[in-house]
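Shown next, in structure tokens, is the structure this report addresses.
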Amino acid sequence: MATPSAILVGGTIAIDHVKTPAAEAENLLGGSASYAALAASYFTAPVHLVGIVGQDFPPQHLAMLESHGVTLEGVERSEGDSFAWSGEYHENMNDRTTRSVSVNVLENWEVKVPASLAASPIVVLANMSPDNQLQMLDQCTAAERFVVADTMDLWINIARERLHEVLKRIDLLVINEGEARDFMGTSNLILAGRRLLETGPRNVVIKLGEFGAMLFSEQETGDSEWELSENTFFRCAAFPLREVADPTGAGDTFLGGLAGHLAATGKTRFGFDDIRRAVVQGSVVASFTCEAFSTRRLESLDEAAIGQRLDLFKRMSDW
């Protein structure tokens with residue numbers, strides 16, 4: 001049996017205030033790295049978290065992460081206030097309005113990766129500024145590593161040049177469909193995926209929300225023009241849910257589940273089949289996040305529940 005690899009997850013750690021048509025909750029655990037690290041912890045250990053929190057950050061959130069095997073040596077404590085986000089979801093739960101964003105401790109944050117964590121072979125650059133992503137990459141020391149990164153429309157709009165520098169140094173990009181279309185200047189997602197491969201990463205996942213995800217990978221030979229085939233493209237559905245309580249963090253959970261599954265193999269080089277399986281794992285774990293506010297449902301998972309849903313998902317999508 002393979003020995004799982006350590007995984008290093010960097011990004012935002014936040015306090016969220018979420019309102020949906022059915023309920024509202026405050027002082028929730030939020031942030032891209034929080035969800036990604038927690039999701040990864042179900043697949044591999046250790047999971048190292050890198051981020052920053054303020055003096056007002058609820059200690060129970062950090063204690064919960066530690067209880068799941070997430071190490072906090074890389075979490076910086078600041079005297080300022082924590083990064084905070086407030087948003088409201090509308091009736092169809094696909095559309096949301098951001099009510100407020102308090103950048104606070106993130107405004108002048110510079111990533112610091114402890115030397116003891118820097119050699120982690122699987123690196124996850126969860127959603128944060130490209131400057132922070134580059135700072136983190138510059139401190140990673142593993143001779144062989146696999147780097148997965150996420151981004152968002154804000155960085156595409158205000159930090160495109162730095163984002164392109166990130167893309168040249170990663171192995172897998174995760175991005176949602178609207179961002180992929182805007183970034184690559186096309187409404188055709190197949191064309192957008194192909195163009196994203198040309199920016200640097202060998203693999204690209206375009207998230208489709210409740211409709212799943214698409215994986216694009218370079219040709220195995222690497223010396224021919226990209227073509228759509230069973231070895232370069234995979235379309236994964238999303239697990240169907242009768243009710244969605246709060247979709248916040250589902251994309252970050254997907255990212256962490258995907259990377260965690262790859263880390264569980266003990267490898268640092270992955271073929272198309274490896275990443276295809278990781279996409280499915282990420283999709284299944286992300287479905288749990290939508291079933292309760294914040295990380296509440298994700299916190300109560302176990303391997304049996306994930307395995308049961310994975311088996312059902314496989315049976316439902318087989319033909």
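Residue numbering restarts at 1 in every chain; chains get A, B, ... in the order shown in the structure tokens, and ligands count up from 1 in that same order.
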As JSON, numbers by chain, please: every residue in range 204-293 of chain A that a backbone DSSP assignment puts in helix (DSSP H, G or I).
{"A": [209, 210, 211, 250, 251, 252, 253, 254, 255, 256, 257, 258, 259, 260, 261, 262, 263, 264, 272, 273, 274, 275, 276, 277, 278, 279, 280, 281, 282, 283, 284, 285, 286, 287, 288, 289]}
At a cut-off of 10 Å, using only C-alpha atoms, what residues contact Phe183 in chain A? Leave out same-chain residues fewer than 2 positions from it and give the result as a list in words.
Met152, Asp153, Ile156, Asn157, Arg160, Ile175, Glu177, Gly178, Glu179, Ala180, Arg181, Gly185, Thr186, Ala192, Arg195 and Leu196 of chain A
Non-local contacts of range 109-116 of chain A (10 Å; only C-alpha atoms; under 3 positions in same chain excluded) as a short mmCIF file (atom, residue, chain, number, x, y, z; two decimals) with C-alpha atoms, in the first residue's frame:
```cif
data_model
loop_
_atom_site.label_atom_id
_atom_site.label_comp_id
_atom_site.auth_asym_id
_atom_site.auth_seq_id
_atom_site.Cartn_x
_atom_site.Cartn_y
_atom_site.Cartn_z
CA LEU A 8 0.79 21.88 1.81
CA GLY A 10 -2.04 27.84 1.32
CA GLY A 11 -4.77 30.45 0.95
CA HIS A 48 -0.20 21.50 6.47
CA LEU A 49 -2.16 24.76 6.42
CA VAL A 50 -0.58 28.12 5.56
CA GLY A 51 -2.52 31.34 6.07
CA ILE A 52 -3.17 34.21 8.44
CA GLU A 73 2.41 25.62 12.26
CA GLY A 74 2.05 27.65 9.06
CA VAL A 75 -0.91 29.73 10.29
CA GLU A 76 0.22 33.22 11.26
CA SER A 78 -1.98 38.80 13.70
CA ASN A 104 -8.08 43.22 7.08
CA VAL A 105 -5.02 40.99 7.77
CA LEU A 106 -4.73 40.01 4.10
CA ALA A 119 9.52 20.13 1.20
CA SER A 120 5.91 18.90 0.98
CA ASP A 131 1.49 37.59 -5.52
CA ASN A 132 0.80 35.39 -2.50
CA GLN A 133 0.76 32.28 -4.68
CA LEU A 134 4.16 33.17 -6.11
CA GLN A 135 5.53 33.92 -2.64
CA MET A 136 4.45 30.47 -1.52
CA LEU A 137 5.90 28.75 -4.58
CA ASP A 138 9.23 30.50 -4.10
CA GLN A 139 9.52 28.95 -0.62
CA CYS A 140 8.64 25.39 -1.61
CA THR A 141 11.76 23.23 -1.78
#
```
Write out as a ChimeraX atom specification all residues of range 19-267 of chain A that DSSP puts in strand (DSSP E) for this structure's backbone.
/A:19,24-30,47-53,70-77,84-89,96-102,122-125,146-150,172-176,203-207,213-217,233-236
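CA of Thr12 in chain A is found 4.7 Å from CA of Gly31 in chain A.
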At a cut-off of 6 Å, using only C-alpha atoms, what residues contact Pro4 in chain A? Leave out same-chain residues fewer than 6 positions from it and give the result as a PDB file with C-alpha atoms, in the first residue's frame.
```pdb
ATOM      1  CA  THR A  44      -3.885  11.936   3.320  1.00  0.00           C
ATOM      2  CA  ALA A 263      -1.405  12.841  -2.326  1.00  0.00           C
ATOM      3  CA  ALA A 264      -2.847   9.554  -1.060  1.00  0.00           C
ATOM      4  CA  THR A 265      -1.171   7.707  -3.952  1.00  0.00           C
ATOM      5  CA  GLY A 266       2.279   8.670  -2.649  1.00  0.00           C
TER       6      GLY A 266
END
```
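The neighbours of range 225-239 of chain A here are the residues that come within 8 Å of it, using only C-alpha atoms and leaving out any residue fewer than 5 positions away in the same chain; they are A:Arg194, A:Gly209, A:Glu210, A:Phe211, A:Gly212, A:Ala213, A:Met214, A:Leu215, A:Phe216, A:Ser217, A:Glu218, A:Gln219, A:Glu220, A:Phe272, A:Arg276, A:Val279, A:Val280, A:Ser283, A:Val284, A:Ser287, A:Phe313, A:Ser317.
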Could you give me, as a PyMOL selection string, the residues within 9 Å of Gly249 in chain A, counting only C-alpha atoms and dropping anything in the same chain fewer than 2 positions from it?
chain A and resi 30-32+34-36+246-247+251-254+286+289-290+294-295
